[in-house]
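*Asks:* My structure is in model_21.pdb, and what it holds is PDB, C-alpha atoms and all ligand atoms:
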```pdb
ATOM      1  CA  MET N   1     -12.048 -53.181  18.461  1.00  0.00           C
ATOM      2  CA  LYS N   2     -13.899 -53.136  15.149  1.00  0.00           C
ATOM      3  CA  LEU N   3     -15.570 -49.945  13.966  1.00  0.00           C
ATOM      4  CA  GLY N   4     -18.167 -51.369  11.567  1.00  0.00           C
ATOM      5  CA  PHE N   5     -21.686 -52.194  12.681  1.00  0.00           C
ATOM      6  CA  GLU N   6     -22.274 -55.932  12.575  1.00  0.00           C
ATOM      7  CA  GLU N   7     -25.998 -55.597  12.225  1.00  0.00           C
ATOM      8  CA  ALA N   8     -25.859 -54.919   8.524  1.00  0.00           C
ATOM      9  CA  GLN N   9     -28.456 -57.627   8.053  1.00  0.00           C
ATOM     10  CA  ILE N  10     -31.077 -55.411   9.667  1.00  0.00           C
ATOM     11  CA  ALA N  11     -32.946 -53.771   6.831  1.00  0.00           C
ATOM     12  CA  TYR N  12     -32.369 -50.060   6.813  1.00  0.00           C
ATOM     13  CA  SER N  13     -35.948 -48.927   7.196  1.00  0.00           C
ATOM     14  CA  SER N  14     -36.699 -46.331   9.823  1.00  0.00           C
ATOM     15  CA  GLY N  15     -33.358 -44.532   9.988  1.00  0.00           C
ATOM     16  CA  SER N  16     -32.884 -43.464  13.581  1.00  0.00           C
ATOM     17  CA  GLN N  17     -34.318 -46.655  15.041  1.00  0.00           C
ATOM     18  CA  SER N  18     -31.989 -48.968  13.134  1.00  0.00           C
ATOM     19  CA  ALA N  19     -29.081 -46.699  13.920  1.00  0.00           C
ATOM     20  CA  ARG N  20     -29.946 -46.842  17.608  1.00  0.00           C
ATOM     21  CA  SER N  21     -29.902 -50.616  17.504  1.00  0.00           C
ATOM     22  CA  TRP N  22     -26.576 -50.670  15.596  1.00  0.00           C
ATOM     23  CA  THR N  23     -24.855 -48.272  17.951  1.00  0.00           C
ATOM     24  CA  GLU N  24     -26.116 -50.036  21.084  1.00  0.00           C
ATOM     25  CA  THR N  25     -24.957 -53.384  19.769  1.00  0.00           C
ATOM     26  CA  TRP N  26     -21.607 -51.912  18.821  1.00  0.00           C
ATOM     27  CA  VAL N  27     -21.032 -50.531  22.327  1.00  0.00           C
ATOM     28  CA  ARG N  28     -22.047 -53.840  23.889  1.00  0.00           C
ATOM     29  CA  ASP N  29     -19.702 -55.874  21.660  1.00  0.00           C
ATOM     30  CA  GLN N  30     -16.702 -53.586  21.205  1.00  0.00           C
ATOM     31  CA  VAL N  31     -16.269 -51.150  24.073  1.00  0.00           C
ATOM     32  CA  PHE N  32     -14.261 -51.707  27.241  1.00  0.00           C
ATOM     33  CA  CYS N  33     -14.973 -49.944  30.524  1.00  0.00           C
ATOM     34  CA  PRO N  34     -12.886 -46.735  30.600  1.00  0.00           C
ATOM     35  CA  ASN N  35     -12.974 -46.731  34.400  1.00  0.00           C
ATOM     36  CA  CYS N  36     -11.574 -50.186  35.180  1.00  0.00           C
ATOM     37  CA  GLY N  37     -10.543 -51.546  31.793  1.00  0.00           C
ATOM     38  CA  HIS N  38     -12.954 -54.508  31.950  1.00  0.00           C
ATOM     39  CA  THR N  39     -13.225 -55.829  28.395  1.00  0.00           C
ATOM     40  CA  LYS N  40     -17.007 -55.576  28.181  1.00  0.00           C
ATOM     41  CA  ILE N  41     -19.832 -53.415  29.356  1.00  0.00           C
ATOM     42  CA  ASN N  42     -23.381 -54.709  29.600  1.00  0.00           C
ATOM     43  CA  PRO N  43     -26.694 -53.212  28.538  1.00  0.00           C
ATOM     44  CA  PHE N  44     -29.174 -52.454  31.289  1.00  0.00           C
ATOM     45  CA  PRO N  45     -32.483 -54.274  31.011  1.00  0.00           C
ATOM     46  CA  ALA N  46     -34.812 -52.360  28.674  1.00  0.00           C
ATOM     47  CA  ASN N  47     -36.722 -49.430  30.160  1.00  0.00           C
ATOM     48  CA  THR N  48     -34.269 -48.809  32.985  1.00  0.00           C
ATOM     49  CA  PRO N  49     -34.652 -45.069  33.301  1.00  0.00           C
ATOM     50  CA  VAL N  50     -31.203 -44.160  34.640  1.00  0.00           C
ATOM     51  CA  ALA N  51     -28.630 -45.384  32.145  1.00  0.00           C
ATOM     52  CA  ASP N  52     -28.080 -47.653  29.144  1.00  0.00           C
ATOM     53  CA  PHE N  53     -25.006 -49.658  30.168  1.00  0.00           C
ATOM     54  CA  ILE N  54     -23.270 -50.894  33.284  1.00  0.00           C
ATOM     55  CA  CYS N  55     -19.834 -52.393  33.904  1.00  0.00           C
ATOM     56  CA  ILE N  56     -20.383 -55.519  35.950  1.00  0.00           C
ATOM     57  CA  SER N  57     -16.823 -55.305  37.234  1.00  0.00           C
ATOM     58  CA  CYS N  58     -16.851 -51.780  38.755  1.00  0.00           C
ATOM     59  CA  ASN N  59     -20.577 -50.834  38.563  1.00  0.00           C
ATOM     60  CA  GLU N  60     -19.878 -47.690  36.576  1.00  0.00           C
ATOM     61  CA  GLU N  61     -22.969 -46.615  34.591  1.00  0.00           C
ATOM     62  CA  TYR N  62     -23.114 -45.130  31.097  1.00  0.00           C
ATOM     63  CA  GLU N  63     -25.687 -43.378  28.994  1.00  0.00           C
ATOM     64  CA  LEU N  64     -25.342 -43.451  25.192  1.00  0.00           C
ATOM     65  CA  LYS N  65     -26.216 -40.684  22.786  1.00  0.00           C
ATOM     66  CA  SER N  66     -25.507 -41.249  19.127  1.00  0.00           C
ATOM     67  CA  GLN N  67     -26.100 -39.300  15.952  1.00  0.00           C
ATOM     68  CA  LYS N  68     -24.797 -39.155  12.420  1.00  0.00           C
ATOM     69  CA  THR N  69     -23.848 -35.487  12.431  1.00  0.00           C
ATOM     70  CA  LYS N  70     -20.947 -34.229  14.510  1.00  0.00           C
ATOM     71  CA  PHE N  71     -21.899 -33.055  17.990  1.00  0.00           C
ATOM     72  CA  GLY N  72     -22.121 -29.275  18.159  1.00  0.00           C
ATOM     73  CA  ASN N  73     -21.788 -26.912  21.093  1.00  0.00           C
ATOM     74  CA  LYS N  74     -24.683 -28.411  22.973  1.00  0.00           C
ATOM     75  CA  ILE N  75     -26.770 -31.558  23.233  1.00  0.00           C
ATOM     76  CA  THR N  76     -30.416 -31.625  24.175  1.00  0.00           C
ATOM     77  CA  ASP N  77     -31.106 -33.684  27.261  1.00  0.00           C
ATOM     78  CA  GLY N  78     -34.075 -34.485  29.502  1.00  0.00           C
ATOM     79  CA  ALA N  79     -35.875 -32.507  32.188  1.00  0.00           C
ATOM     80  CA  PHE N  80     -33.895 -29.660  33.725  1.00  0.00           C
ATOM     81  CA  ARG N  81     -35.059 -30.339  37.271  1.00  0.00           C
ATOM     82  CA  THR N  82     -34.264 -34.057  37.093  1.00  0.00           C
ATOM     83  CA  MET N  83     -30.774 -33.206  35.846  1.00  0.00           C
ATOM     84  CA  CYS N  84     -30.182 -30.780  38.732  1.00  0.00           C
ATOM     85  CA  GLU N  85     -31.358 -33.371  41.246  1.00  0.00           C
ATOM     86  CA  ARG N  86     -29.059 -35.992  39.764  1.00  0.00           C
ATOM     87  CA  LEU N  87     -26.101 -33.615  39.910  1.00  0.00           C
ATOM     88  CA  ALA N  88     -26.834 -32.789  43.541  1.00  0.00           C
ATOM     89  CA  ALA N  89     -27.046 -36.488  44.377  1.00  0.00           C
ATOM     90  CA  SER N  90     -24.049 -37.368  42.135  1.00  0.00           C
ATOM     91  CA  ASN N  91     -26.002 -40.232  40.582  1.00  0.00           C
ATOM     92  CA  ASN N  92     -25.843 -39.113  36.967  1.00  0.00           C
ATOM     93  CA  PRO N  93     -24.258 -41.669  34.601  1.00  0.00           C
ATOM     94  CA  ASN N  94     -21.148 -41.134  32.479  1.00  0.00           C
ATOM     95  CA  LEU N  95     -21.996 -40.041  28.970  1.00  0.00           C
ATOM     96  CA  PHE N  96     -20.924 -41.900  25.815  1.00  0.00           C
ATOM     97  CA  LEU N  97     -21.160 -39.820  22.646  1.00  0.00           C
ATOM     98  CA  LEU N  98     -21.027 -41.609  19.327  1.00  0.00           C
ATOM     99  CA  ASN N  99     -20.875 -40.216  15.799  1.00  0.00           C
ATOM    100  CA  TYR N 100     -21.384 -42.668  12.995  1.00  0.00           C
ATOM    101  CA  ASP N 101     -20.982 -42.723   9.260  1.00  0.00           C
ATOM    102  CA  LEU N 102     -24.273 -43.848   7.823  1.00  0.00           C
ATOM    103  CA  THR N 103     -23.030 -44.862   4.383  1.00  0.00           C
ATOM    104  CA  GLN N 104     -20.146 -46.925   5.779  1.00  0.00           C
ATOM    105  CA  ARG N 105     -22.184 -48.027   8.781  1.00  0.00           C
ATOM    106  CA  SER N 106     -19.253 -47.518  11.049  1.00  0.00           C
ATOM    107  CA  VAL N 107     -18.122 -45.419  13.991  1.00  0.00           C
ATOM    108  CA  ARG N 108     -16.356 -42.093  13.293  1.00  0.00           C
ATOM    109  CA  ASP N 109     -15.970 -40.634  16.765  1.00  0.00           C
ATOM    110  CA  PHE N 110     -16.669 -42.128  20.120  1.00  0.00           C
ATOM    111  CA  PHE N 111     -15.856 -40.375  23.367  1.00  0.00           C
ATOM    112  CA  VAL N 112     -16.882 -40.412  26.972  1.00  0.00           C
ATOM    113  CA  VAL N 113     -17.583 -37.518  29.312  1.00  0.00           C
ATOM    114  CA  PRO N 114     -16.923 -38.820  32.848  1.00  0.00           C
ATOM    115  CA  LYS N 115     -19.784 -38.020  35.170  1.00  0.00           C
ATOM    116  CA  HIS N 116     -17.596 -35.885  37.430  1.00  0.00           C
ATOM    117  CA  PHE N 117     -17.456 -33.243  34.697  1.00  0.00           C
ATOM    118  CA  PHE N 118     -21.179 -32.701  35.034  1.00  0.00           C
ATOM    119  CA  VAL N 119     -21.601 -29.530  37.073  1.00  0.00           C
ATOM    120  CA  ARG N 120     -24.286 -26.872  37.102  1.00  0.00           C
ATOM    121  CA  GLU N 121     -22.115 -24.649  34.858  1.00  0.00           C
ATOM    122  CA  ILE N 122     -22.515 -26.981  31.855  1.00  0.00           C
ATOM    123  CA  ILE N 123     -26.279 -27.431  32.178  1.00  0.00           C
ATOM    124  CA  GLN N 124     -28.443 -24.869  30.416  1.00  0.00           C
ATOM    125  CA  GLU N 125     -32.078 -24.449  31.339  1.00  0.00           C
ATOM    126  CA  ARG N 126     -34.283 -24.320  28.261  1.00  0.00           C
ATOM    127  CA  LYS N 127     -37.411 -22.233  27.794  1.00  0.00           C
ATOM    128  CA  PRO N 128     -40.613 -23.884  29.052  1.00  0.00           C
ATOM    129  CA  LEU N 129     -42.642 -25.533  26.290  1.00  0.00           C
ATOM    130  CA  ALA N 130     -45.368 -23.297  24.878  1.00  0.00           C
ATOM    131  CA  VAL N 131     -48.884 -23.520  26.254  1.00  0.00           C
ATOM    132  CA  THR N 132     -49.935 -25.077  22.963  1.00  0.00           C
ATOM    133  CA  ALA N 133     -47.514 -27.997  23.384  1.00  0.00           C
ATOM    134  CA  ARG N 134     -48.630 -31.391  24.609  1.00  0.00           C
ATOM    135  CA  ARG N 135     -46.407 -31.035  27.660  1.00  0.00           C
ATOM    136  CA  ALA N 136     -47.005 -27.314  28.168  1.00  0.00           C
ATOM    137  CA  GLY N 137     -44.671 -25.708  30.694  1.00  0.00           C
ATOM    138  CA  TRP N 138     -42.214 -28.625  30.717  1.00  0.00           C
ATOM    139  CA  ILE N 139     -38.616 -27.447  31.016  1.00  0.00           C
ATOM    140  CA  GLY N 140     -35.807 -29.363  29.359  1.00  0.00           C
ATOM    141  CA  CYS N 141     -32.073 -28.769  29.458  1.00  0.00           C
ATOM    142  CA  ASN N 142     -29.022 -28.671  27.227  1.00  0.00           C
ATOM    143  CA  ILE N 143     -25.615 -30.081  28.038  1.00  0.00           C
ATOM    144  CA  LEU N 144     -23.085 -27.439  26.985  1.00  0.00           C
ATOM    145  CA  LEU N 145     -20.423 -29.592  25.350  1.00  0.00           C
ATOM    146  CA  ASN N 146     -18.271 -26.600  24.526  1.00  0.00           C
ATOM    147  CA  GLN N 147     -18.046 -25.753  28.231  1.00  0.00           C
ATOM    148  CA  ILE N 148     -16.467 -29.095  29.122  1.00  0.00           C
ATOM    149  CA  PRO N 149     -12.655 -28.982  29.178  1.00  0.00           C
ATOM    150  CA  ASP N 150     -10.747 -31.255  26.792  1.00  0.00           C
ATOM    151  CA  SER N 151      -9.669 -33.398  29.718  1.00  0.00           C
ATOM    152  CA  GLY N 152     -13.364 -34.187  30.211  1.00  0.00           C
ATOM    153  CA  LYS N 153     -13.783 -35.551  26.676  1.00  0.00           C
ATOM    154  CA  ILE N 154     -11.921 -38.818  26.479  1.00  0.00           C
ATOM    155  CA  PHE N 155     -11.784 -40.172  22.945  1.00  0.00           C
ATOM    156  CA  ILE N 156     -11.857 -43.910  22.398  1.00  0.00           C
ATOM    157  CA  VAL N 157     -12.266 -43.455  18.614  1.00  0.00           C
ATOM    158  CA  ARG N 158     -11.309 -40.167  16.967  1.00  0.00           C
ATOM    159  CA  GLY N 159     -11.895 -39.569  13.276  1.00  0.00           C
ATOM    160  CA  GLY N 160     -12.056 -43.312  12.633  1.00  0.00           C
ATOM    161  CA  ASN N 161      -8.844 -43.995  14.571  1.00  0.00           C
ATOM    162  CA  ILE N 162      -8.903 -46.243  17.614  1.00  0.00           C
ATOM    163  CA  GLN N 163      -7.027 -44.701  20.544  1.00  0.00           C
ATOM    164  CA  PRO N 164      -4.713 -46.891  22.638  1.00  0.00           C
ATOM    165  CA  LYS N 165      -6.557 -48.400  25.591  1.00  0.00           C
ATOM    166  CA  ASP N 166      -3.723 -47.470  27.995  1.00  0.00           C
ATOM    167  CA  LEU N 167      -4.092 -43.821  27.051  1.00  0.00           C
ATOM    168  CA  VAL N 168      -7.860 -43.897  27.529  1.00  0.00           C
ATOM    169  CA  LEU N 169      -7.526 -45.463  30.973  1.00  0.00           C
ATOM    170  CA  ALA N 170      -4.785 -43.005  31.990  1.00  0.00           C
ATOM    171  CA  GLN N 171      -6.858 -40.025  30.883  1.00  0.00           C
ATOM    172  CA  TRP N 172      -9.782 -41.298  32.904  1.00  0.00           C
ATOM    173  CA  GLN N 173      -7.688 -41.821  36.041  1.00  0.00           C
ATOM    174  CA  LYS N 174      -6.159 -38.386  35.752  1.00  0.00           C
ATOM    175  CA  THR N 175      -9.322 -36.495  36.690  1.00  0.00           C
ATOM    176  CA  LEU N 176     -11.001 -39.038  38.974  1.00  0.00           C
ATOM    177  CA  PHE N 177     -10.037 -36.848  41.951  1.00  0.00           C
ATOM    178  CA  LEU N 178     -12.870 -34.524  40.934  1.00  0.00           C
ATOM    179  CA  ARG N 179     -15.335 -37.037  42.351  1.00  0.00           C
ATOM    180  CA  GLU N 180     -14.057 -36.355  45.824  1.00  0.00           C
ATOM    181  CA  GLU N 181     -14.957 -32.686  45.558  1.00  0.00           C
ATOM    182  CA  GLU N 182     -18.520 -31.650  46.240  1.00  0.00           C
ATOM    183  CA  VAL N 183     -20.361 -30.356  43.191  1.00  0.00           C
ATOM    184  CA  GLY N 184     -19.966 -26.629  43.972  1.00  0.00           C
ATOM    185  CA  ALA N 185     -16.200 -26.837  44.511  1.00  0.00           C
ATOM    186  CA  ARG N 186     -15.861 -29.000  41.429  1.00  0.00           C
ATOM    187  CA  GLY N 187     -17.305 -26.254  39.232  1.00  0.00           C
ATOM    188  CA  TRP N 188     -14.475 -23.886  40.182  1.00  0.00           C
ATOM    189  CA  LEU N 189     -11.803 -26.520  39.663  1.00  0.00           C
ATOM    190  CA  ILE N 190     -13.130 -27.382  36.230  1.00  0.00           C
ATOM    191  CA  GLU N 191     -13.315 -23.707  35.237  1.00  0.00           C
ATOM    192  CA  VAL N 192      -9.674 -23.203  36.230  1.00  0.00           C
ATOM    193  CA  MET N 193      -8.695 -26.383  34.346  1.00  0.00           C
ATOM    194  CA  LYS N 194     -10.362 -24.841  31.304  1.00  0.00           C
ATOM    195  CA  CYS N 195      -8.379 -21.616  31.719  1.00  0.00           C
ATOM    196  CA  VAL N 196      -5.163 -23.644  31.937  1.00  0.00           C
ATOM    197  CA  GLU N 197      -6.127 -25.436  28.709  1.00  0.00           C
ATOM    198  CA  LEU N 198      -6.826 -22.082  27.066  1.00  0.00           C
ATOM    199  CA  VAL N 199      -3.325 -20.894  28.032  1.00  0.00           C
ATOM    200  CA  GLY N 200      -2.291 -23.771  25.789  1.00  0.00           C
ATOM    201  CA  LYS N 201       1.233 -24.264  27.141  1.00  0.00           C
ATOM    202  CA  LEU N 202       2.857 -27.128  29.020  1.00  0.00           C
ATOM    203  CA  GLU N 203       4.583 -24.595  31.280  1.00  0.00           C
ATOM    204  CA  PHE N 204       2.898 -21.394  32.280  1.00  0.00           C
ATOM    205  CA  ASP N 205       2.884 -18.584  34.834  1.00  0.00           C
ATOM    206  CA  LEU N 206       0.303 -17.443  37.297  1.00  0.00           C
ATOM    207  CA  ASP N 207      -0.201 -14.308  35.176  1.00  0.00           C
ATOM    208  CA  ASP N 208      -1.221 -16.493  32.215  1.00  0.00           C
ATOM    209  CA  VAL N 209      -4.123 -17.783  34.299  1.00  0.00           C
ATOM    210  CA  TYR N 210      -4.866 -14.373  35.826  1.00  0.00           C
ATOM    211  CA  ASN N 211      -5.577 -13.237  32.250  1.00  0.00           C
ATOM    212  CA  PHE N 212      -8.836 -15.135  32.567  1.00  0.00           C
ATOM    213  CA  GLU N 213      -9.920 -13.232  35.658  1.00  0.00           C
ATOM    214  CA  GLY N 214     -12.629 -11.404  33.691  1.00  0.00           C
ATOM    215  CA  ARG N 215     -14.002 -14.630  32.286  1.00  0.00           C
ATOM    216  CA  LEU N 216     -14.205 -16.211  35.748  1.00  0.00           C
ATOM    217  CA  LYS N 217     -15.770 -13.057  37.187  1.00  0.00           C
ATOM    218  CA  SER N 218     -18.522 -13.251  34.597  1.00  0.00           C
ATOM    219  CA  ILE N 219     -19.222 -16.875  35.596  1.00  0.00           C
ATOM    220  CA  TYR N 220     -19.029 -16.166  39.339  1.00  0.00           C
ATOM    221  CA  PRO N 221     -20.152 -12.522  39.668  1.00  0.00           C
ATOM    222  CA  ASN N 222     -20.560 -12.798  43.441  1.00  0.00           C
ATOM    223  CA  ASN N 223     -16.981 -13.819  44.072  1.00  0.00           C
ATOM    224  CA  MET N 224     -14.852 -10.822  45.050  1.00  0.00           C
ATOM    225  CA  HIS N 225     -11.575 -12.708  45.331  1.00  0.00           C
ATOM    226  CA  VAL N 226     -11.146 -14.348  41.959  1.00  0.00           C
ATOM    227  CA  LYS N 227      -7.328 -14.198  41.916  1.00  0.00           C
ATOM    228  CA  GLN N 228      -7.134 -15.790  45.335  1.00  0.00           C
ATOM    229  CA  LYS N 229      -9.573 -18.443  44.190  1.00  0.00           C
ATOM    230  CA  ILE N 230      -7.411 -19.132  41.109  1.00  0.00           C
ATOM    231  CA  ARG N 231      -4.341 -19.683  43.306  1.00  0.00           C
ATOM    232  CA  GLN N 232      -6.326 -22.012  45.555  1.00  0.00           C
ATOM    233  CA  GLN N 233      -7.554 -24.100  42.631  1.00  0.00           C
ATOM    234  CA  LEU N 234      -4.039 -24.382  41.197  1.00  0.00           C
ATOM    235  CA  GLN N 235      -2.923 -25.647  44.583  1.00  0.00           C
ATOM    236  CA  VAL N 236      -5.669 -28.291  44.595  1.00  0.00           C
ATOM    237  CA  LEU N 237      -4.704 -29.305  41.048  1.00  0.00           C
ATOM    238  CA  ARG N 238      -1.107 -29.659  42.229  1.00  0.00           C
ATOM    239  CA  ASP N 239      -2.091 -31.715  45.283  1.00  0.00           C
ATOM    240  CA  ARG N 240      -4.117 -33.993  42.998  1.00  0.00           C
ATOM    241  CA  GLY N 241      -1.244 -34.558  40.584  1.00  0.00           C
ATOM    242  CA  TYR N 242      -2.775 -32.656  37.679  1.00  0.00           C
ATOM    243  CA  LEU N 243       0.102 -30.182  37.517  1.00  0.00           C
ATOM    244  CA  ASP N 244       3.383 -29.376  39.282  1.00  0.00           C
ATOM    245  CA  PHE N 245       4.699 -26.190  40.845  1.00  0.00           C
ATOM    246  CA  VAL N 246       8.087 -25.628  39.208  1.00  0.00           C
ATOM    247  CA  SER N 247       8.951 -22.468  41.088  1.00  0.00           C
ATOM    248  CA  ARG N 248       7.065 -19.571  42.628  1.00  0.00           C
ATOM    249  CA  GLY N 249       4.215 -18.607  40.273  1.00  0.00           C
ATOM    250  CA  HIS N 250       5.408 -21.070  37.655  1.00  0.00           C
ATOM    251  CA  TYR N 251       3.595 -24.297  36.802  1.00  0.00           C
ATOM    252  CA  ARG N 252       3.914 -27.333  34.589  1.00  0.00           C
ATOM    253  CA  LEU N 253       1.165 -29.707  33.443  1.00  0.00           C
ATOM    254  CA  ARG N 254       1.697 -33.392  34.089  1.00  0.00           C
ATOM    255  CA  SER N 255       1.988 -35.445  30.925  1.00  0.00           C
ATOM    256  CA  GLN N 256      -1.076 -37.311  29.651  1.00  0.00           C
ATOM    257  CA  VAL N 257       0.201 -40.748  30.573  1.00  0.00           C
ATOM    258  CA  GLY N 258       1.629 -41.477  33.986  1.00  0.00           C
TER     259      GLY N 258
HETATM  260 ZN    ZN N 301     -15.571 -51.003  34.961  1.00  0.00          ZN
END
```
Go ahead and express the file in the form of structure tokens.
Ligand SMILES: [Zn+2]

*Replies:*
Amino acid sequence: MKLGFEEAQIAYSSGSQSARSWTETWVRDQVFCPNCGHTKINPFPANTPVADFICISCNEEYELKSQKTKFGNKITDGAFRTMCERLAASNNPNLFLLNYDLTQRSVRDFFVVPKHFFVREIIQERKPLAVTARRAGWIGCNILLNQIPDSGKIFIVRGGNIQPKDLVLAQWQKTLFLREEEVGARGWLIEVMKCVELVGKLEFDLDDVYNFEGRLKSIYPNNMHVKQKIRQQLQVLRDRGYLDFVSRGHYRLRSQVG
């Protein structure tokens, strides 16, 4: 994998348009499919509304968003209602996020958010456009990047360093089980995964996770049995090989690879 854009011959005229062409070409030429490891992913024909790339080996679809500044807490996306419909139908693409260095014309950070991390909890409804706007009343949405657990941000390039392909593929496989959960149940699982990440230890106790009871209550105010729900989710995460039960009330995260 090379990190520099090959299209240096394209005159740097209208900034974002050239950059879009560089980043798309880079993905096409350099990126493997994080789902199946196929060495190439292909662009969709122009004007396909759903996604930008497809793996012809496993049919996994990808959308690309690129910018020169680091991604912040949220990213602006399309129509709120369309997003909700896609989540309900589970036909949203995986999301590639690319940060580039404009002066070096090369990739700084490149990571993928697998589509199974897209749940209602990370989609923020924006205010309708003002009556004076061309599309008055239109409602867009934000993707709340800071609400996605680390396990849902799989880096292929981090800070200019290429990550080993084996590690990328292993990280992807590790959370694929989420696809088998329906979207409502997935939200809870992902929230508990986030709490476990916030505990920040390889081995932890049930009480460490119970400390986040208040946080979960604020996300799910109608749930009266948050502790019970936490125990259930930990059980699912164990059954899916995400963590192990060491002894009663004591857990250990599985290592990244394997
Ligand atoms: Zn593939």

*Asks:* Expressed in Å to a single decimal, how great is the separation between atom CA of Gly214 of chain N and atom CA of Asn73 of chain N?

*Replies:*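 Atom CA of Asn73 of chain N lies 22.0 Å from atom CA of Gly214 of chain N.
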
*Asks:* Between atom CA of Arg158 of chain N and atom CA of Gly78 of chain N, measure the distance and give it in Å to one decimal.

*Replies:*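 Result for atom CA of Arg158 of chain N versus atom CA of Gly78 of chain N: 26.6 Å, one decimal.
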
*Asks:* Considering only C-alpha atoms, state which residue in the set N:Arg126, N:Lys74, N:Arg254, N:Arg179 is at the smallest distance from Leu145 of chain N.

*Replies:*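 That would be N:Lys74, the residue with the smallest distance to Leu145 of chain N.
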
*Asks:* Find the residues around segment 135-140 of chain N up to 12 Å (all atoms listed in the file counted), leave out those fewer than 2 positions away in its own chain, and share them as a VMD selection string.

*Replies:* chain N and resid 75 to 84 123 to 133 142 to 143

*Asks:* Put those residues in a file: C-alpha atoms, as a tab-separated table (two decimals), in the coordinates of the input.

*Replies:*
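again-v5.tsv, freshly written:
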```tsv
chain	number	residue	atom	x	y	z
N	75	ILE	CA	-26.77	-31.56	23.23
N	76	THR	CA	-30.42	-31.62	24.18
N	77	ASP	CA	-31.11	-33.68	27.26
N	78	GLY	CA	-34.08	-34.48	29.50
N	79	ALA	CA	-35.88	-32.51	32.19
N	80	PHE	CA	-33.90	-29.66	33.72
N	81	ARG	CA	-35.06	-30.34	37.27
N	82	THR	CA	-34.26	-34.06	37.09
N	83	MET	CA	-30.77	-33.21	35.85
N	84	CYS	CA	-30.18	-30.78	38.73
N	123	ILE	CA	-26.28	-27.43	32.18
N	124	GLN	CA	-28.44	-24.87	30.42
N	125	GLU	CA	-32.08	-24.45	31.34
N	126	ARG	CA	-34.28	-24.32	28.26
N	127	LYS	CA	-37.41	-22.23	27.79
N	128	PRO	CA	-40.61	-23.88	29.05
N	129	LEU	CA	-42.64	-25.53	26.29
N	130	ALA	CA	-45.37	-23.30	24.88
N	131	VAL	CA	-48.88	-23.52	26.25
N	132	THR	CA	-49.94	-25.08	22.96
N	133	ALA	CA	-47.51	-28.00	23.38
N	142	ASN	CA	-29.02	-28.67	27.23
N	143	ILE	CA	-25.62	-30.08	28.04
```

*Asks:* Report the residues retrieved by the PyMOL selection byres (((not hetatm)) within 10 of (chain N and resi 301)) from the displayed file, expressed as a list in words.

*Replies:*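 Here the PyMOL selection byres (((not hetatm)) within 10 of (chain N and resi 301)) matches Phe32, Cys33, Pro34, Asn35, Cys36, Gly37, His38, Thr39, Lys40, Ile41, Ile54, Cys55, Ile56, Ser57, Cys58, Asn59, Glu60 and Glu61 of chain N.
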
*Asks:* For this file, the PyMOL selection byres (((chain N and resi 220-229) around 10) and not hetatm) selects which residues, as a PyMOL selection string?

*Replies:* chain N and resi 188-189+192+206-207+209-219+230-235

*Asks:* For a quick check of understanding, using all atoms listed in the file, which of N:Trp26, N:Phe117, N:Phe110, N:Tyr100 has the smallest distance to Trp172 of chain N?

*Replies:*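 Going through N:Trp26, N:Phe117, N:Phe110, N:Tyr100 one by one, the smallest distance to Trp172 of chain N is for N:Phe117.
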
*Asks:* So how far away is atom CA of Arg238 of chain N from atom CA of Ala185 of chain N, in Å?

*Replies:*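 Separating atom CA of Ala185 of chain N from atom CA of Arg238 of chain N is a distance of 15.5 Å.
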
*Asks:* I need the residue nearest Phe118 of chain N from this list: N:Leu169, N:Gln67, N:Arg105, N:Glu191. Use all atoms listed in the file for the distance.

*Replies:*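 Among the listed residues, the smallest separation from Phe118 of chain N belongs to N:Glu191.
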
*Asks:* Find the residue from N:Arg20, N:Arg86, N:Asn99, N:Pro93 that sits nearest to Thr69 of chain N; use all atoms listed in the file when measuring.

*Replies:*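 Residue with the minimum atom-to-atom distance to Thr69 of chain N: N:Asn99.
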
*Asks:* Could you tell me which residues the PyMOL selection byres (((chain N and resi 244) around 12) and not hetatm) returns for this structure, as a list in words?

*Replies:*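 Applied to this file, the PyMOL selection byres (((chain N and resi 244) around 12) and not hetatm) selects Leu202, Glu203, Phe204, Asp205, Leu234, Gln235, Val236, Leu237, Arg238, Asp239, Arg240, Gly241, Tyr242, Leu243, Phe245, Val246, Ser247, Arg248, Gly249, His250, Tyr251, Arg252, Leu253, Arg254 and Ser255 of chain N.
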
*Asks:* Find the residues around Gln30 of chain N up to 12 Å (all atoms listed in the file counted), leave out those fewer than 5 positions away in its own chain, and share them as a list in words.

*Replies:*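 Contacts, in chain order: Met1, Lys2, Leu3, Gly4, Phe5, Glu6, Trp22, Thr23, Glu24, Thr25, His38, Thr39, Lys40, Ile41, Asn42, Val107, Phe110, Ile156, Val157 and Ile162 of chain N.
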
*Asks:* Using only C-alpha atoms, find the one residue out of N:Gly72, N:Val112, N:Val199, N:Ala19 that sits nearest to Val168 of chain N.

*Replies:*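 The closest residue to Val168 of chain N is N:Val112.
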
*Asks:* Taking (-25.5, -46.6, 31.3) in the file's coordinates, which residues come within 8 Å, counting only C-alpha atoms, written as an MDAnalysis selection string?

*Replies:* chainID N and resid 43:44 50:54 60:64 93:95

*Asks:* So which one's closest to Gly159 of chain N, N:Ile190, N:Val27, N:Val196, N:Leu98? Using only C-alpha atoms, please.

*Replies:*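 So, comparing all the options, the nearest one is N:Leu98.
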
*Asks:* Please return the centre and edge lengths, in Å to one decimal, of a box with edges along x, y and z that contains all listed atoms of segment 201-207 of chain N, widened by 5 Å on every side, as lines of an AutoDock Vina configuration file.

*Replies:*
```
center_x = 2.2
center_y = -20.7
center_z = 32.2
size_x = 14.8
size_y = 22.8
size_z = 20.2
```
